[in-house]
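Data first, discussion second: the structure below is written as structure tokens.
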Amino acid sequence: MDQKYNQASSTVSDRAVLTPECIHCGLCLQACPTYVELGKEADSPRGRIYLMRAYERGVMPFSESFVQHISACLDCRACESACPSGVPYGELVEKAREVIEHRVQRSYLAGAFRTFTFKRIFPSRRLLRLHFNLLRLYQVIGLQKLVRLTGLLKLFPGHLAELEQLVPDIRKKKDHVELGSVFPALGKKQYRVGLLTGCVMNEIFGHINQATIRILQRNGCEVVVPAAQSCCAALHCHAGIMDTAREMARKNILAFEEAQVDAIIINAAGCGAKLKEYGSLLAEDREFCKRAQVFSQKIKDISEFLVDLPQMARPGALSVRVAYDDPCHLLHAQKIGQAPRNLLKNIPGLQLVELERPDQCCGSAGIYNITQYDLSMRILDKKVDDINNSDAEVVATGNPGCILQIAYGLRKAGIAHIRVMHPVELLEQAYQNSK
Ligand code: SF4
Ligand code: SF4
């Protein structure tokens, strides 16, 4: 570990972790992927809550072990769904990570890289676009091919060579949605909605954002894409970088207030979960706490919005067998499991098959597959087995991280006959068939 611990007082209270009301029943243990994999109490929700409480009470010092067990958590929040006491585990682990962020001393290089990535690249659309354009160039000029052929990255420590394989082919993809655009409703305008494009979603899966807009237009929505919007800050909260997260949240609130929309649509589960929690993220901000609650109430996952419409435009037929995989931040954080299934079931000819464990994390979890590669892959292998054991032709899931991770898992396992798609891609195809 290239980390040391800062013993000096920090700007965040060192005892900032709230005491959870855990009754130690253990009902969450089997729902927790890291407990199932590692079999250790300290890598279970109950064990992690115990560690947070011990630290909070000053019974346990800040230590490498504390950092390890808290960092190994996926923040998948399956424990929240399993917990009968309603322990807000996601909130607790993010507070613990904020403490870690302030106390861990990283090497100069690691610290500079982290600061640049989280505080410069993600908040800036310009730098983010530049980053993905460089990635595109790396693929277009054949450098990626050369790097893979020579095995150059294997000379570097860690899992750089494996992680490079996660990068999807974006050579031909320049289909992002331009910020500042407005798309008219088709037919009679029923709603004016905003689209939060996401950063990875817009840069890698721009076609999914385009499809989302077309589906909304077809369903009587004028779609506004505010120019001043920012990244949602979910990754920052996962990493405990809360000051930057709050700045980005304020920026989004201002951007969508100005747009004056009935609802704010998001098609990325991880972003949606965070956007719905801006109220608690800004709870101590006098100017923004109420506005954050109003903002969060307007956030709708695309599936949730469409199935709640009084009359959704009827899709055409699509003959395909689809397994739906629940993104953790849609199912466990937003409690949305039925809406995407209903959306898919509404497509004539589409056969929906259930995976054995659709509610289990795929191991993507933000940047978990980068920071905890081995464990992430163990969790992914189980997901790939489940998908392979179904007779699905397509696995549908509504989060860019999950799409990338599952596609990587299928490639790694040599499974070429199953595609990974976002539910809106399937709906868009069905609408095209209705012409
Ligand atoms: S968030 Fe997920 S990985 Fe973390 S303790 Fe809960 S179930 Fe386990
Ligand atoms: S299910 Fe809830 S109350 Fe029971 S051990 Fe887990 S976190 Fe604690």
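To be explicit about the labels: the chains of the structure tokens are called A, B, and onward in the order shown, and within each one the residues are counted from 1, while ligands get numbers from 1 in the order they are shown.
Residues in contact with Thr371 in chain A at up to 9 Å, not including ones fewer than 5 positions away on its chain and judged by only C-alpha atoms, are Ser71, Ala72 and Ser376 of chain A.
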Could I get the residues of range 24-81 of chain A with an atom no further than 12 Å from an atom of range 253-276 of chain A, each paired with its nearest atom pair and that distance in Å to one decimal, using only C-alpha atoms, sorted by chain and residue number, as a Markdown table?
```
| residue | atom | partner | partner_atom | distance |
| --- | --- | --- | --- | --- |
| A:Asp75 | CA | A:Gly270 | CA | 10.7 |
| A:Cys76 | CA | A:Gly270 | CA | 9.8 |
| A:Arg77 | CA | A:Ala273 | CA | 11.0 |
```
Neighbours of ligand 1 at 7 Å or closer, counting only C-alpha atoms and all ligand atoms: which residues, as a list of chain:residue names?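 Based on only C-alpha atoms and all ligand atoms, ligand 1 is surrounded within 7 Å by A:Ala31, A:Cys32, A:Pro33, A:Thr34, A:Tyr35, A:Asp43, A:Ser44, A:Pro45, A:Arg48, A:Cys73, A:Leu74, A:Asp75, A:Cys76, A:Arg77, A:Ala78, A:Cys79, A:Glu80, A:Tyr89, A:Gly90.
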Would you list, as a list in words, the residues of range 283-338 of chain A that end up in alpha helix (DSSP H) under DSSP run on this structure's backbone?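 These are the residues in question: Cys289, Lys290, Arg291, Ala292, Gln293, Val294, Phe295, Ser296, Gln297, Lys298, Ile302, Ser303, Glu304, Phe305, Leu306, Val307, Cys328, His329, Leu330, Leu331 and Gln338 of chain A.
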Could those residues be written to a file, using C-alpha atoms, as an mmCIF file, in the first residue's frame?
```cif
data_model
loop_
_atom_site.group_PDB
_atom_site.id
_atom_site.type_symbol
_atom_site.label_atom_id
_atom_site.label_comp_id
_atom_site.auth_asym_id
_atom_site.auth_seq_id
_atom_site.Cartn_x
_atom_site.Cartn_y
_atom_site.Cartn_z
ATOM 1 C CA CYS A 289 -30.784 22.114 1.076
ATOM 2 C CA LYS A 290 -34.441 22.814 0.164
ATOM 3 C CA ARG A 291 -33.619 23.356 -3.500
ATOM 4 C CA ALA A 292 -31.739 20.036 -3.507
ATOM 5 C CA GLN A 293 -34.863 18.256 -2.244
ATOM 6 C CA VAL A 294 -37.000 19.843 -4.973
ATOM 7 C CA PHE A 295 -34.371 18.871 -7.557
ATOM 8 C CA SER A 296 -34.201 15.266 -6.300
ATOM 9 C CA GLN A 297 -37.974 14.888 -6.389
ATOM 10 C CA LYS A 298 -37.882 15.630 -10.112
ATOM 11 C CA ILE A 302 -36.151 6.605 -17.791
ATOM 12 C CA SER A 303 -37.945 3.290 -17.073
ATOM 13 C CA GLU A 304 -39.769 4.765 -14.085
ATOM 14 C CA PHE A 305 -40.857 7.799 -16.112
ATOM 15 C CA LEU A 306 -42.089 5.816 -19.116
ATOM 16 C CA VAL A 307 -44.104 3.182 -17.241
ATOM 17 C CA CYS A 328 -27.512 -2.266 -7.856
ATOM 18 C CA HIS A 329 -28.115 1.472 -7.758
ATOM 19 C CA LEU A 330 -31.445 1.076 -9.492
ATOM 20 C CA LEU A 331 -32.669 -1.872 -7.413
ATOM 21 C CA GLN A 338 -40.274 -3.824 -11.792
#
```
Counting only C-alpha atoms and all ligand atoms, which residues of chain A fall within 7 Å of ligand 2, and what is the closest atom pair for each with its distance in Å at one decimal, ordered by chain and rising number, as a tab-separated table?
```
residue	atom	partner	partner_atom_place_in_ligand_line	distance
A:Glu21	CA	ligand 2	3 (S)	6.9
A:Cys22	CA	ligand 2	8 (Fe)	3.8
A:Ile23	CA	ligand 2	3 (S)	4.3
A:His24	CA	ligand 2	5 (S)	3.8
A:Cys25	CA	ligand 2	4 (Fe)	3.9
A:Gly26	CA	ligand 2	5 (S)	3.9
A:Leu27	CA	ligand 2	1 (S)	4.3
A:Cys28	CA	ligand 2	1 (S)	4.1
A:Leu29	CA	ligand 2	6 (Fe)	6.6
A:Pro45	CA	ligand 2	7 (S)	5.8
A:Arg46	CA	ligand 2	5 (S)	4.6
A:Cys79	CA	ligand 2	6 (Fe)	6.5
A:Ala82	CA	ligand 2	1 (S)	5.9
A:Cys83	CA	ligand 2	1 (S)	3.6
A:Pro84	CA	ligand 2	1 (S)	5.8
A:Ser85	CA	ligand 2	3 (S)	5.1
A:Gly86	CA	ligand 2	2 (Fe)	6.5
A:Val87	CA	ligand 2	2 (Fe)	5.6
```
Measuring atom to atom with only C-alpha atoms, identify which of A:Ala233, A:Ala430, A:Ala323, A:Leu166 is nearest to Ile418 in chain A.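 Among the listed residues, the smallest separation from Ile418 in chain A belongs to A:Ala323.
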Neighbouring residues of Ile241 in chain A were defined as those with any atom within 7 Å, considering only C-alpha atoms; residues of the same chain fewer than 4 positions away were excluded. Please report them as a VMD selection string. chain A and resid 98 101 236 to 237 245
Next, dump the selected residues to file, keeping only N, CA, C and O atoms, as a PDB file, in the first residue's frame.
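Dumped to selection-v4.pdb:
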```
ATOM      1  N   GLU A  98     -15.190   9.432   3.466  1.00  0.00           N
ATOM      2  CA  GLU A  98     -14.785  10.845   3.564  1.00  0.00           C
ATOM      3  C   GLU A  98     -13.696  10.988   4.636  1.00  0.00           C
ATOM      4  O   GLU A  98     -12.717  11.710   4.461  1.00  0.00           O
ATOM      5  N   GLU A 101     -10.567   9.619   3.130  1.00  0.00           N
ATOM      6  CA  GLU A 101     -10.025  10.569   2.155  1.00  0.00           C
ATOM      7  C   GLU A 101      -9.190  11.649   2.850  1.00  0.00           C
ATOM      8  O   GLU A 101      -8.157  12.066   2.354  1.00  0.00           O
ATOM      9  N   HIS A 236     -17.482  10.637  -6.998  1.00  0.00           N
ATOM     10  CA  HIS A 236     -16.827  11.422  -5.954  1.00  0.00           C
ATOM     11  C   HIS A 236     -17.320  10.998  -4.569  1.00  0.00           C
ATOM     12  O   HIS A 236     -16.541  10.876  -3.631  1.00  0.00           O
ATOM     13  N   CYS A 237     -18.624  10.759  -4.460  1.00  0.00           N
ATOM     14  CA  CYS A 237     -19.179  10.331  -3.170  1.00  0.00           C
ATOM     15  C   CYS A 237     -18.670   8.942  -2.803  1.00  0.00           C
ATOM     16  O   CYS A 237     -18.324   8.680  -1.657  1.00  0.00           O
ATOM     17  N   ALA A 245     -17.945  16.940  -4.751  1.00  0.00           N
ATOM     18  CA  ALA A 245     -19.284  16.401  -5.037  1.00  0.00           C
ATOM     19  C   ALA A 245     -20.348  17.472  -4.774  1.00  0.00           C
ATOM     20  O   ALA A 245     -21.274  17.644  -5.570  1.00  0.00           O
TER      21      ALA A 245
END
```
Strand (DSSP E) per DSSP on the backbone: members of range 10-186 of chain A, as an mmCIF file with all heavy atoms, in the first residue's frame:
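For reference, selection.cif as written:
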```
data_model
loop_
_atom_site.group_PDB
_atom_site.id
_atom_site.type_symbol
_atom_site.label_atom_id
_atom_site.label_comp_id
_atom_site.auth_asym_id
_atom_site.auth_seq_id
_atom_site.Cartn_x
_atom_site.Cartn_y
_atom_site.Cartn_z
ATOM 1 N N VAL A 104 -5.869 9.534 4.897
ATOM 2 C CA VAL A 104 -4.841 8.750 4.202
ATOM 3 C C VAL A 104 -3.875 9.689 3.498
ATOM 4 O O VAL A 104 -4.302 10.637 2.841
ATOM 5 C CB VAL A 104 -5.500 7.795 3.181
ATOM 6 C CG1 VAL A 104 -4.492 7.291 2.162
ATOM 7 C CG2 VAL A 104 -6.123 6.620 3.895
ATOM 8 N N GLN A 105 -2.596 9.426 3.657
ATOM 9 C CA GLN A 105 -1.591 10.193 2.918
ATOM 10 C C GLN A 105 -1.109 9.351 1.748
ATOM 11 O O GLN A 105 -0.568 8.279 1.951
ATOM 12 C CB GLN A 105 -0.413 10.522 3.831
ATOM 13 C CG GLN A 105 -0.712 11.676 4.756
ATOM 14 C CD GLN A 105 0.510 12.052 5.578
ATOM 15 O OE1 GLN A 105 1.424 11.257 5.760
ATOM 16 N NE2 GLN A 105 0.501 13.260 6.095
ATOM 17 N N ARG A 106 -1.360 9.838 0.554
ATOM 18 C CA ARG A 106 -0.937 9.092 -0.631
ATOM 19 C C ARG A 106 0.422 9.598 -1.103
ATOM 20 O O ARG A 106 0.821 10.698 -0.742
ATOM 21 C CB ARG A 106 -1.964 9.250 -1.750
ATOM 22 C CG ARG A 106 -3.304 8.650 -1.386
ATOM 23 C CD ARG A 106 -4.295 8.683 -2.523
ATOM 24 N NE ARG A 106 -5.412 7.797 -2.199
ATOM 25 C CZ ARG A 106 -6.414 8.145 -1.417
ATOM 26 N NH1 ARG A 106 -6.468 9.343 -0.898
ATOM 27 N NH2 ARG A 106 -7.374 7.285 -1.140
ATOM 28 N N VAL A 182 -32.129 21.535 -27.471
ATOM 29 C CA VAL A 182 -33.545 21.324 -27.118
ATOM 30 C C VAL A 182 -34.162 20.507 -28.249
ATOM 31 O O VAL A 182 -33.964 20.814 -29.431
ATOM 32 C CB VAL A 182 -34.304 22.667 -26.977
ATOM 33 C CG1 VAL A 182 -35.772 22.412 -26.627
ATOM 34 C CG2 VAL A 182 -33.664 23.552 -25.913
ATOM 35 N N PHE A 183 -34.885 19.446 -27.882
ATOM 36 C CA PHE A 183 -35.503 18.570 -28.883
ATOM 37 C C PHE A 183 -37.025 18.665 -28.737
ATOM 38 O O PHE A 183 -37.542 18.434 -27.634
ATOM 39 C CB PHE A 183 -35.029 17.121 -28.682
ATOM 40 C CG PHE A 183 -33.536 16.975 -28.803
ATOM 41 C CD1 PHE A 183 -32.702 17.213 -27.711
ATOM 42 C CD2 PHE A 183 -32.962 16.607 -30.019
ATOM 43 C CE1 PHE A 183 -31.324 17.086 -27.827
ATOM 44 C CE2 PHE A 183 -31.582 16.477 -30.141
ATOM 45 C CZ PHE A 183 -30.756 16.725 -29.036
#
```
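Considering only C-alpha atoms, the residue among A:Val394, A:Leu404, A:Val167, A:Met421 positioned nearest to Gln139 in chain A is A:Val167.
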Write out as JSON, numbers by chain the residues lying within 8 Å of Thr397 in chain A, counting only C-alpha atoms and excluding same-chain residues fewer than 5 positions away. {"A": [324, 325, 326, 327, 402, 403, 420, 421, 422, 423]}
So, with only C-alpha atoms as the atoms that count, which of A:Ala161, A:Val320, A:Met248, A:Ile336 lies closest to Gln144 in chain A? A:Ala161
Which polymer residues have any atom within 10 Å of an atom of Val177 in chain A, counting only C-alpha atoms, with same-chain residues fewer than 4 positions away left out, as a ChimeraX atom specification? /A:181,195,197,201-203,205-210,213,225
How would the residues just chosen look if you wrote them out with C-alpha atoms as a short mmCIF file (atom, residue, chain, number, x, y, z; two decimals), in the first residue's frame?
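To be explicit, this is the file written out as selection-v8.cif:
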```
data_model
loop_
_atom_site.label_atom_id
_atom_site.label_comp_id
_atom_site.auth_asym_id
_atom_site.auth_seq_id
_atom_site.Cartn_x
_atom_site.Cartn_y
_atom_site.Cartn_z
CA SER A 181 -29.74 21.39 -27.19
CA LEU A 195 -31.94 15.16 -19.65
CA THR A 197 -26.51 13.16 -19.94
CA MET A 201 -22.86 7.62 -20.74
CA ASN A 202 -22.54 10.60 -23.05
CA GLU A 203 -18.94 9.94 -24.09
CA PHE A 205 -22.71 5.43 -25.00
CA GLY A 206 -23.89 8.62 -26.70
CA HIS A 207 -26.18 6.50 -28.88
CA ILE A 208 -28.09 5.46 -25.72
CA ASN A 209 -28.65 9.12 -24.84
CA GLN A 210 -29.76 9.75 -28.43
CA ILE A 213 -34.25 11.50 -26.41
CA VAL A 225 -30.31 19.33 -22.27
#
```
Show me, as a PyMOL selection string, the residues that have an atom within 12 Å of Phe132 in chain A when counting only C-alpha atoms, minus same-chain residues fewer than 4 positions from it. chain A and resi 121-122+125-128+136-139+167-171+173-174+176+199-205
